[in-house]
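Novice: My structure is stored as work.cif, with mmCIF, C-alpha atoms.
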```
data_work
#
loop_
_atom_site.label_atom_id
_atom_site.label_comp_id
_atom_site.auth_asym_id
_atom_site.auth_seq_id
_atom_site.Cartn_x
_atom_site.Cartn_y
_atom_site.Cartn_z
CA MET A 18 -5.61 30.09 -11.14
CA THR A 19 -2.56 32.30 -11.61
CA ALA A 20 0.19 31.58 -14.14
CA ARG A 21 2.53 30.48 -11.34
CA GLN A 22 -0.10 28.12 -9.93
CA LYS A 23 -0.60 26.61 -13.39
CA GLU A 24 3.17 26.07 -13.64
CA ASN A 25 3.21 24.26 -10.30
CA HIS A 26 0.09 22.25 -11.13
CA PRO A 27 0.32 21.19 -14.79
CA ALA A 28 -2.89 20.26 -16.57
CA PHE A 29 -3.91 16.63 -16.76
CA ARG A 30 -6.05 14.89 -19.34
CA PHE A 31 -7.11 11.27 -19.44
CA SER A 32 -5.73 9.28 -22.34
CA SER A 33 -8.24 8.07 -24.92
CA GLU A 34 -7.95 4.53 -23.55
CA ASN A 35 -8.50 5.64 -19.96
CA LEU A 36 -11.31 7.98 -20.97
CA GLU A 37 -13.22 4.93 -22.17
CA LYS A 38 -12.78 3.39 -18.73
CA VAL A 39 -13.88 6.65 -17.11
CA ASN A 40 -17.07 6.76 -19.17
CA ALA A 41 -17.76 3.09 -18.41
CA HIS A 42 -17.63 3.78 -14.66
CA ILE A 43 -19.82 6.88 -14.93
CA ALA A 44 -22.40 4.88 -16.91
CA LYS A 45 -22.91 2.59 -13.91
CA TYR A 46 -24.73 5.39 -12.04
CA PRO A 47 -28.06 7.11 -12.77
CA ALA A 48 -28.22 10.66 -14.09
CA GLY A 49 -27.26 13.19 -11.47
CA ARG A 50 -25.27 10.62 -9.48
CA GLN A 51 -22.11 10.62 -11.56
CA ALA A 52 -20.09 11.88 -8.57
CA SER A 53 -20.37 8.35 -7.18
CA ALA A 54 -17.67 7.37 -9.69
CA VAL A 55 -15.05 9.58 -8.05
CA ILE A 56 -13.06 6.74 -6.43
CA PRO A 57 -12.53 4.63 -9.58
CA LEU A 58 -11.71 7.80 -11.52
CA LEU A 59 -9.09 8.76 -8.93
CA ASP A 60 -7.58 5.29 -9.27
CA ILE A 61 -7.40 5.56 -13.06
CA GLY A 62 -5.96 9.07 -12.84
CA GLN A 63 -3.35 8.05 -10.27
CA ARG A 64 -2.16 5.13 -12.39
CA GLN A 65 -1.86 7.30 -15.50
CA ASN A 66 -0.08 10.04 -13.54
CA GLY A 67 2.81 7.89 -12.32
CA GLY A 68 1.30 6.72 -9.05
CA TRP A 69 0.02 9.95 -7.49
CA VAL A 70 -2.96 12.30 -7.61
CA SER A 71 -1.86 15.78 -8.66
CA GLN A 72 -3.97 18.92 -8.59
CA GLY A 73 -4.35 18.49 -12.33
CA VAL A 74 -5.87 15.04 -11.85
CA ILE A 75 -8.26 16.41 -9.22
CA GLU A 76 -9.41 19.27 -11.45
CA GLU A 77 -9.91 17.01 -14.47
CA ILE A 78 -12.06 14.60 -12.45
CA ALA A 79 -14.01 17.48 -10.91
CA GLN A 80 -14.75 18.87 -14.36
CA ILE A 81 -15.85 15.50 -15.74
CA LEU A 82 -18.09 14.70 -12.77
CA GLY A 83 -19.45 18.21 -12.36
CA MET A 84 -18.40 18.54 -8.73
CA PRO A 85 -16.19 21.03 -6.85
CA ALA A 86 -12.49 20.23 -6.95
CA ILE A 87 -12.33 20.44 -3.14
CA ARG A 88 -14.79 17.53 -2.88
CA VAL A 89 -12.55 15.40 -5.10
CA HIS A 90 -9.55 16.40 -2.98
CA GLU A 91 -11.41 15.44 0.20
CA VAL A 92 -11.97 11.92 -1.11
CA ALA A 93 -8.36 11.56 -2.28
CA ALA A 94 -7.07 12.83 1.07
CA PHE A 95 -9.26 10.44 3.08
CA TYR A 96 -8.10 7.15 1.54
CA THR A 97 -4.48 6.06 1.95
CA MET A 98 -4.70 4.25 -1.39
CA PHE A 99 -4.35 7.66 -3.04
CA ASN A 100 -1.04 9.52 -2.91
CA LEU A 101 -1.09 13.31 -2.93
CA LYS A 102 2.61 13.67 -3.68
CA PRO A 103 4.97 11.87 -6.08
CA VAL A 104 6.00 8.33 -5.16
CA GLY A 105 8.64 5.92 -6.40
CA LYS A 106 8.26 3.46 -9.25
CA HIS A 107 7.92 0.78 -6.55
CA HIS A 108 5.70 2.25 -3.85
CA ILE A 109 6.10 0.31 -0.59
CA GLN A 110 3.22 0.28 1.88
CA LEU A 111 4.38 -1.33 5.11
CA CYS A 112 1.71 -2.53 7.53
CA GLY A 113 2.35 -1.36 11.08
CA THR A 114 -0.84 -2.61 12.73
CA THR A 115 -0.62 -4.86 15.80
CA PRO A 116 -0.26 -8.34 14.20
CA CYS A 117 2.48 -7.16 11.83
CA TRP A 118 4.15 -5.11 14.57
CA LEU A 119 4.24 -8.14 16.86
CA ARG A 120 5.85 -10.15 14.07
CA GLY A 121 8.63 -7.69 13.29
CA ALA A 122 7.23 -4.88 11.13
CA ALA A 123 9.43 -2.36 12.94
CA ASP A 124 12.52 -4.33 11.92
CA LEU A 125 11.30 -4.42 8.31
CA LYS A 126 10.82 -0.66 8.35
CA LYS A 127 14.30 -0.05 9.73
CA ALA A 128 15.90 -2.42 7.20
CA CYS A 129 14.04 -0.73 4.33
CA MET A 130 15.00 2.79 5.39
CA ASN A 131 18.63 1.76 5.82
CA ARG A 132 18.74 0.01 2.45
CA LEU A 133 17.14 2.91 0.57
CA ASN A 134 18.59 5.72 2.70
CA ILE A 135 15.17 7.32 3.14
CA ASP A 136 12.81 8.17 5.98
CA GLU A 137 9.17 7.17 6.12
CA GLY A 138 7.30 9.08 3.44
CA GLY A 139 10.47 9.58 1.41
CA VAL A 140 11.47 8.69 -2.14
CA SER A 141 14.84 7.13 -2.95
CA ALA A 142 17.38 9.26 -4.80
CA ASP A 143 16.95 7.26 -8.00
CA GLY A 144 13.16 7.58 -7.85
CA LYS A 145 12.67 3.83 -7.83
CA PHE A 146 11.28 3.40 -4.31
CA SER A 147 9.10 5.17 -1.78
CA LEU A 148 7.96 4.06 1.66
CA ILE A 149 4.96 4.76 3.86
CA GLU A 150 3.49 2.97 6.87
CA VAL A 151 -0.19 2.06 6.58
CA GLU A 152 -2.90 0.46 8.64
CA CYS A 153 -4.02 -3.17 8.24
CA LEU A 154 -3.45 -4.67 4.79
CA GLY A 155 -5.80 -7.56 5.55
CA ALA A 156 -3.30 -10.41 5.64
CA CYS A 157 -2.74 -10.57 9.40
CA VAL A 158 -2.23 -14.34 9.61
CA ASN A 159 0.77 -14.03 7.27
CA ALA A 160 2.34 -11.10 9.10
CA PRO A 161 4.52 -9.17 8.66
CA VAL A 162 3.23 -7.94 5.31
CA VAL A 163 4.05 -5.18 2.83
CA GLN A 164 2.31 -4.11 -0.35
CA ILE A 165 4.45 -2.96 -3.26
CA ASN A 166 2.29 -1.34 -5.93
CA ASP A 167 -0.47 -3.95 -6.43
CA ASP A 168 1.40 -6.97 -5.02
CA PHE A 169 1.49 -8.36 -1.48
CA PHE A 170 4.59 -9.87 0.13
CA GLU A 171 3.95 -11.91 3.26
CA ASP A 172 5.84 -13.81 6.00
CA LEU A 173 8.76 -11.42 5.63
CA THR A 174 12.01 -11.11 7.51
CA PRO A 175 14.34 -8.10 7.21
CA GLU A 176 16.64 -10.25 5.07
CA SER A 177 13.96 -11.46 2.66
CA PHE A 178 12.50 -7.96 2.42
CA VAL A 179 15.83 -6.39 1.51
CA GLN A 180 16.36 -9.14 -1.07
CA ILE A 181 13.03 -8.23 -2.70
CA ILE A 182 14.08 -4.58 -2.80
CA ASP A 183 17.44 -5.51 -4.36
CA ASP A 184 15.76 -7.69 -7.00
CA LEU A 185 13.29 -4.95 -7.92
CA ALA A 186 16.13 -2.43 -8.12
CA ASN A 187 17.92 -4.71 -10.56
CA GLY A 188 14.83 -5.39 -12.67
CA LYS A 189 14.49 -9.01 -11.60
CA GLU A 190 11.26 -10.90 -11.12
CA VAL A 191 10.18 -11.30 -7.52
CA LYS A 192 8.04 -13.87 -5.78
CA VAL A 193 4.77 -12.41 -4.50
CA GLY A 194 2.74 -13.78 -1.59
CA SER A 195 4.27 -15.82 1.19
CA GLN A 196 8.06 -15.80 1.20
CA ILE A 197 8.32 -19.09 3.14
CA GLY A 198 6.18 -21.37 1.01
CA ARG A 199 3.03 -21.09 3.10
CA GLN A 200 -0.09 -22.06 1.16
CA CYS A 201 -2.69 -19.29 1.47
CA SER A 202 -3.31 -18.91 5.22
CA ALA A 203 -2.31 -22.41 6.26
CA PRO A 204 -0.56 -22.88 9.61
CA LEU A 205 3.21 -22.80 9.63
CA SER A 206 4.94 -26.17 9.44
CA SER A 207 8.46 -27.24 10.27
CA SER A 208 9.24 -27.35 6.54
CA SER A 209 8.10 -23.80 5.86
CA ASP A 210 9.06 -22.06 9.09
CA LYS A 211 11.98 -19.68 8.63
CA GLY A 212 12.11 -18.40 12.16
CA LEU A 213 8.78 -16.60 12.03
CA GLU A 214 6.75 -18.99 14.14
CA VAL A 215 5.66 -17.61 17.46
CA LYS A 216 6.03 -20.25 20.13
CA ALA A 217 3.01 -20.61 22.34
CA THR A 218 3.65 -20.29 26.02
CA LYS A 219 2.24 -22.90 28.33
CA ALA A 220 -0.34 -21.78 30.81
CA PRO A 221 0.91 -22.06 34.40
CA ARG A 222 -0.18 -25.24 36.12
CA LYS A 223 -2.73 -24.77 38.83
CA ARG A 224 -1.57 -25.66 42.30
CA LYS A 225 -3.62 -28.32 43.95
CA VAL A 226 -5.19 -27.31 47.19
CA LYS A 227 -5.38 -30.05 49.77
CA ASP A 228 -8.81 -30.79 51.09
CA ALA A 229 -9.31 -29.31 54.50
CA GLU A 230 -9.15 -31.98 57.10
#
```
Take the structure in the file and write it out as structure tokens.
Specialist:
Amino acid sequence: MTARQKENHPAFRFSSENLEKVNAHIAKYPAGRQASAVIPLLDIGQRQNGGWVSQGVIEEIAQILGMPAIRVHEVAAFYTMFNLKPVGKHHIQLCGTTPCWLRGAADLKKACMNRLNIDEGGVSADGKFSLIEVECLGACVNAPVVQINDDFFEDLTPESFVQIIDDLANGKEVKVGSQIGRQCSAPLSSSSDKGLEVKATKAPRKRKVKDAE
């Protein structure tokens, strides 16, 4: 690596605390299979590195696991849980899959971009927020859903979503999970519904055909 490349990709080393975690994961696999620990090591490295996997993180993991750096990069590039460029302090992953889209994910995305003055994939000017659209987050019944760092926020409206962003920006505690008081994946009730309930349409009545005389 040239001097300029080293400047653009600063070295990374696991902290002593995280190195213990790294060694614990590697110990789970038999000799010669240590590369199987690449995913948990990427997660540890990303968390230590401010939420993203730099080239330095990739090279450190490759050296520890005795595998080519390109193989580590391939794994990091495949999974959306790993970020290959810097993200905000509060990294927003907005689900755009069908159930969330049908329940207003596009409106959430627009409200978020307007509030933060960023496009999808961007980072806010103050470095506090970043936004990407992802595939299913696994909470379809409580759509629309976003994940912010490790927390899920469900049953959102543009208004409640922007309020969460404002609270995080001001260092306030936020309520995770359903934003309308839904318990787990229970059906919506009149007491918890905040305009999210999708009204079922009645099937058209069949016309009776008179018996042929």
Novice: Can you work out which one of A:Phe178, A:Phe170, A:Trp118, A:Phe95 has the shortest atom-to-atom distance to Ala156 of chain A, counting all atoms listed in the file?
Specialist: A:Phe170
Novice: On this file, the PyMOL selection byres ((chain A and resi 151) around 9) gives some set of residues; write that set as a list in words.
Specialist: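 On this input, the PyMOL selection byres ((chain A and resi 151) around 9) captures Thr97, Gln110, Leu111, Cys112, Gly113, Thr114, Ile149, Glu150, Glu152, Cys153 and Leu154 of chain A.
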Novice: Evaluate the PyMOL selection byres ((chain A and resi 71-73) around 12) here and jot the selected residues down as a count of residues only.
Specialist: 41
Novice: Applying the PyMOL selection byres ((chain A and resi 181) around 12) to the file I just gave you, which residues come out? Please list them as a count of residues only.
Specialist: 36
Novice: Counting all atoms listed in the file, find the residues whose atoms lie at most 12 Å from (-16.7, 2.7, -15.4) (file coordinates) and write them out as a ChimeraX atom specification.
Specialist: /A:35-46,51-61
Novice: One decimal, in Å: what's the spacing between atom CA of Val162 of chain A and atom CA of Gln200 of chain A?
Specialist: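 We find that atom CA of Val162 of chain A and atom CA of Gln200 of chain A lie 15.1 Å from each other.
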Novice: Enumerate, as JSON, numbers by chain, the protein, DNA and RNA residues whose atoms approach (9.9, 8.1, -3.4) to within 8 Å, taking into account only C-alpha atoms and the coordinate frame of the file.
Specialist: {"A": [103, 104, 105, 106, 108, 138, 139, 140, 141, 142, 144, 145, 146, 147, 148]}
Novice: Rounded to one decimal, what separation in Å do you get between atom CA of Glu34 of chain A and atom CA of Pro85 of chain A?
Specialist: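 Atom-to-atom, atom CA of Glu34 of chain A to atom CA of Pro85 of chain A, that is 24.9 Å.
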Novice: With all atoms listed in the file as the atoms that count, which of A:Met98, A:Ala48, A:Cys157, A:Ala203 lies nearest to Leu119 of chain A?
Specialist: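 The answer is A:Cys157, which sits nearest to Leu119 of chain A.
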Novice: What is the distance, in Å and to one decimal place, between atom CA of Arg50 of chain A and atom CA of Arg88 of chain A?
Specialist: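 Separating atom CA of Arg50 of chain A from atom CA of Arg88 of chain A is a distance of 14.2 Å.
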